[in-house]
Amino acid sequence: MNATVAKRLPKNYKLVYEILRGAGHGVHFTMGEIYAHAKRKRPAIGFSTVYRGIARLRDLGWIDEIELPGSDSAVYELKGKPHAHFCCGRCGEVADVHYQLPARTIARLAARTGGRVGEAMVTLRGLCRRCSV
Ligand SMILES: [Zn+2]
Ligand SMILES: [Zn+2]
């Protein structure tokens with residue numbers, strides 16, 4: 001964490017960051033889950049404060065926002081190495097998959113669109129091991 005930026009960050013936003021950092025990599029939270037955690041630590045905290053905190057941390061690049069196809073709510077996680085996600089259509093589990101689209105593939109696809117690709121996300125959908133038995 002950049003110390004100068006951290007000093008300027010409101011303490012409620014820092015709390016939101018600590019929740020994600022405390023959980024570590026590979027743990028994905030919905031906005032509602034982050035709010036529930038924050039409320040346990042600081043009961044007076046409002047939903048909009050948590051919401052704004054998440055948006056700020058995302059803009060700072062400290063956390064990632066993952067939009068899952070077929071789900072109305074995004075999940076959030078501590079910023080880490082780029083990876084893919086496996087999403088279970090039955091229990092809703094979201095798991096990290098160590099995979100990254102090769103830069104060559106992204107460049108080739110970008111050339112086809114004629115535009116510029118900012119980021120590429122890979123999401124696999126199906127049934128997790130527990131749900132598929
Ligand atoms: Zn499942
Ligand atoms: Zn992830």
# chains A, B, ... in the order shown; residues from 1 in each chain; ligands from 1
>>> residues_near_ligand(ligand="ligand 1", cutoff="10 Å", atoms="only C-alpha atoms and all ligand atoms", output="list of chain:residue names")
A:Cys87, A:Cys88, A:Gly89, A:Arg90, A:Cys91, A:Gly92, A:Glu93, A:Val94, A:Gly126, A:Leu127, A:Cys128, A:Arg129, A:Arg130, A:Cys131, A:Ser132, A:Val133
>>> write_last_selection(atoms="C-alpha atoms", output="mmCIF file, in the first residue's frame")
data_model
loop_
_atom_site.group_PDB
_atom_site.id
_atom_site.type_symbol
_atom_site.label_atom_id
_atom_site.label_comp_id
_atom_site.auth_asym_id
_atom_site.auth_seq_id
_atom_site.Cartn_x
_atom_site.Cartn_y
_atom_site.Cartn_z
ATOM 1 C CA CYS A 87 -18.477 -19.760 -11.201
ATOM 2 C CA CYS A 88 -20.896 -22.474 -10.053
ATOM 3 C CA GLY A 89 -24.378 -22.005 -11.471
ATOM 4 C CA ARG A 90 -25.986 -23.880 -8.573
ATOM 5 C CA CYS A 91 -24.343 -22.774 -5.317
ATOM 6 C CA GLY A 92 -22.817 -19.552 -6.637
ATOM 7 C CA GLU A 93 -19.281 -20.403 -5.547
ATOM 8 C CA VAL A 94 -16.626 -18.293 -7.239
ATOM 9 C CA GLY A 126 -20.670 -24.684 -14.750
ATOM 10 C CA LEU A 127 -21.081 -26.856 -11.665
ATOM 11 C CA CYS A 128 -18.453 -26.983 -8.956
ATOM 12 C CA ARG A 129 -17.072 -30.315 -7.755
ATOM 13 C CA ARG A 130 -19.545 -30.512 -4.875
ATOM 14 C CA CYS A 131 -22.574 -29.687 -7.028
ATOM 15 C CA SER A 132 -21.636 -31.948 -9.929
ATOM 16 C CA VAL A 133 -21.777 -35.243 -7.996
#
>>> residues_near_ligand(ligand="ligand 2", cutoff="8 Å", atoms="only C-alpha atoms and all ligand atoms", output="ChimeraX atom specification")
/A:25-28,66,77,83-85,94-97
>>> residues_around(residues="A:Leu68", least_positions_apart="4", cutoff="9 Å", atoms="only C-alpha atoms", output="list of chain:residue names")
A:Asp72, A:Ser73, A:Ala74, A:Val75, A:His85, A:Cys87, A:Thr123
>>> residues_around(residues="A:Ala120", least_positions_apart="5", cutoff="9 Å", atoms="only C-alpha atoms", output="list in words")
Gln100, Leu101 and Ile106 of chain A
>>> atom_distance(atom1="atom CA of A:Tyr99", atom2="atom CA of A:Asp64")
16.1 Å
>>> select_by_dssp(residues="chain A", states="alpha helix (DSSP H)", output="PDB file with C-alpha atoms, in the first residue's frame")
ATOM      1  CA  ALA A   3       1.816   5.182   2.442  1.00  0.00           C
ATOM      2  CA  THR A   4       0.986   8.690   1.221  1.00  0.00           C
ATOM      3  CA  VAL A   5      -2.269   7.610  -0.360  1.00  0.00           C
ATOM      4  CA  ALA A   6      -3.095   5.488   2.680  1.00  0.00           C
ATOM      5  CA  LYS A   7      -2.755   8.507   4.957  1.00  0.00           C
ATOM      6  CA  ARG A   8      -5.259  10.450   2.882  1.00  0.00           C
ATOM      7  CA  LYS A  11     -10.674   5.616   7.945  1.00  0.00           C
ATOM      8  CA  ASN A  12     -13.919   4.009   6.812  1.00  0.00           C
ATOM      9  CA  TYR A  13     -12.367   3.299   3.422  1.00  0.00           C
ATOM     10  CA  LYS A  14      -9.328   1.840   5.145  1.00  0.00           C
ATOM     11  CA  LEU A  15     -11.636  -0.449   7.091  1.00  0.00           C
ATOM     12  CA  VAL A  16     -13.128  -1.721   3.822  1.00  0.00           C
ATOM     13  CA  TYR A  17      -9.645  -2.374   2.479  1.00  0.00           C
ATOM     14  CA  GLU A  18      -8.611  -4.184   5.670  1.00  0.00           C
ATOM     15  CA  ILE A  19     -11.598  -6.538   5.322  1.00  0.00           C
ATOM     16  CA  LEU A  20     -10.456  -7.615   1.855  1.00  0.00           C
ATOM     17  CA  ARG A  21      -6.786  -7.704   2.802  1.00  0.00           C
ATOM     18  CA  GLY A  22      -7.557  -9.732   5.919  1.00  0.00           C
ATOM     19  CA  ALA A  23      -9.414 -12.324   3.841  1.00  0.00           C
ATOM     20  CA  MET A  31     -20.989  -5.655  -1.750  1.00  0.00           C
ATOM     21  CA  GLY A  32     -23.503  -6.929   0.821  1.00  0.00           C
ATOM     22  CA  GLU A  33     -20.932  -9.217   2.426  1.00  0.00           C
ATOM     23  CA  ILE A  34     -18.379  -6.423   2.716  1.00  0.00           C
ATOM     24  CA  TYR A  35     -21.036  -4.212   4.283  1.00  0.00           C
ATOM     25  CA  ALA A  36     -21.942  -6.925   6.814  1.00  0.00           C
ATOM     26  CA  HIS A  37     -18.270  -7.312   7.808  1.00  0.00           C
ATOM     27  CA  ALA A  38     -17.800  -3.545   8.076  1.00  0.00           C
ATOM     28  CA  LYS A  39     -20.924  -3.192  10.215  1.00  0.00           C
ATOM     29  CA  ARG A  40     -19.654  -5.813  12.639  1.00  0.00           C
ATOM     30  CA  LYS A  41     -16.444  -3.821  13.140  1.00  0.00           C
ATOM     31  CA  PHE A  47     -24.028   1.315   3.204  1.00  0.00           C
ATOM     32  CA  SER A  48     -23.258   4.288   0.956  1.00  0.00           C
ATOM     33  CA  THR A  49     -19.940   4.850   2.757  1.00  0.00           C
ATOM     34  CA  VAL A  50     -18.955   1.238   2.135  1.00  0.00           C
ATOM     35  CA  TYR A  51     -20.139   1.552  -1.461  1.00  0.00           C
ATOM     36  CA  ARG A  52     -18.051   4.674  -2.066  1.00  0.00           C
ATOM     37  CA  GLY A  53     -15.072   3.089  -0.316  1.00  0.00           C
ATOM     38  CA  ILE A  54     -15.178   0.110  -2.638  1.00  0.00           C
ATOM     39  CA  ALA A  55     -15.409   2.365  -5.700  1.00  0.00           C
ATOM     40  CA  ARG A  56     -12.416   4.404  -4.507  1.00  0.00           C
ATOM     41  CA  LEU A  57     -10.289   1.325  -3.753  1.00  0.00           C
ATOM     42  CA  ARG A  58     -11.185  -0.090  -7.158  1.00  0.00           C
ATOM     43  CA  ASP A  59     -10.185   3.171  -8.856  1.00  0.00           C
ATOM     44  CA  LEU A  60      -6.905   3.165  -6.916  1.00  0.00           C
ATOM     45  CA  ALA A 103      -1.074 -11.403 -24.639  1.00  0.00           C
ATOM     46  CA  ARG A 104      -0.781 -12.612 -28.223  1.00  0.00           C
ATOM     47  CA  THR A 105      -4.423 -13.751 -28.228  1.00  0.00           C
ATOM     48  CA  ILE A 106      -5.609 -10.466 -26.723  1.00  0.00           C
ATOM     49  CA  ALA A 107      -3.638  -8.517 -29.327  1.00  0.00           C
ATOM     50  CA  ARG A 108      -5.116 -10.624 -32.118  1.00  0.00           C
ATOM     51  CA  LEU A 109      -8.667 -10.136 -30.837  1.00  0.00           C
ATOM     52  CA  ALA A 110      -8.059  -6.419 -30.349  1.00  0.00           C
ATOM     53  CA  ALA A 111      -6.914  -6.155 -33.948  1.00  0.00           C
ATOM     54  CA  ARG A 112     -10.196  -7.738 -35.042  1.00  0.00           C
ATOM     55  CA  THR A 113     -12.250  -5.126 -33.186  1.00  0.00           C
TER      56      THR A 113
END
>>> select_by_dssp(residues="chain A", states="strand (DSSP E)", output="list in words")
Phe29, Thr30, Ile63, Asp64, Glu65, Ile66, Val75, Tyr76, Glu77, Leu78, Ala84, His85, Phe86, Cys87, Cys88, Val94, Ala95, Asp96, Val97, Thr123, Leu124, Arg125 and Gly126 of chain A
>>> atom_distance(atom1="atom CA of A:Leu124", atom2="atom CA of A:Pro69")
9.3 Å
>>> atom_distance(atom1="atom CA of A:Gly80", atom2="atom CA of A:Val117")
19.7 Å
>>> decode(residues="stretch 54-68 of chain A", atoms="C-alpha atoms", output="mmCIF file, in the first residue's frame")
data_model
loop_
_atom_site.group_PDB
_atom_site.id
_atom_site.type_symbol
_atom_site.label_atom_id
_atom_site.label_comp_id
_atom_site.auth_asym_id
_atom_site.auth_seq_id
_atom_site.Cartn_x
_atom_site.Cartn_y
_atom_site.Cartn_z
ATOM 1 C CA ILE A 54 -15.178 0.110 -2.638
ATOM 2 C CA ALA A 55 -15.409 2.365 -5.700
ATOM 3 C CA ARG A 56 -12.416 4.404 -4.507
ATOM 4 C CA LEU A 57 -10.289 1.325 -3.753
ATOM 5 C CA ARG A 58 -11.185 -0.090 -7.158
ATOM 6 C CA ASP A 59 -10.185 3.171 -8.856
ATOM 7 C CA LEU A 60 -6.905 3.165 -6.916
ATOM 8 C CA GLY A 61 -6.269 -0.346 -8.220
ATOM 9 C CA TRP A 62 -6.088 -1.971 -4.774
ATOM 10 C CA ILE A 63 -9.062 -4.222 -5.303
ATOM 11 C CA ASP A 64 -10.605 -5.833 -8.357
ATOM 12 C CA GLU A 65 -14.248 -5.747 -9.349
ATOM 13 C CA ILE A 66 -15.414 -8.841 -11.168
ATOM 14 C CA GLU A 67 -18.625 -8.802 -13.139
ATOM 15 C CA LEU A 68 -19.946 -12.311 -13.405
#
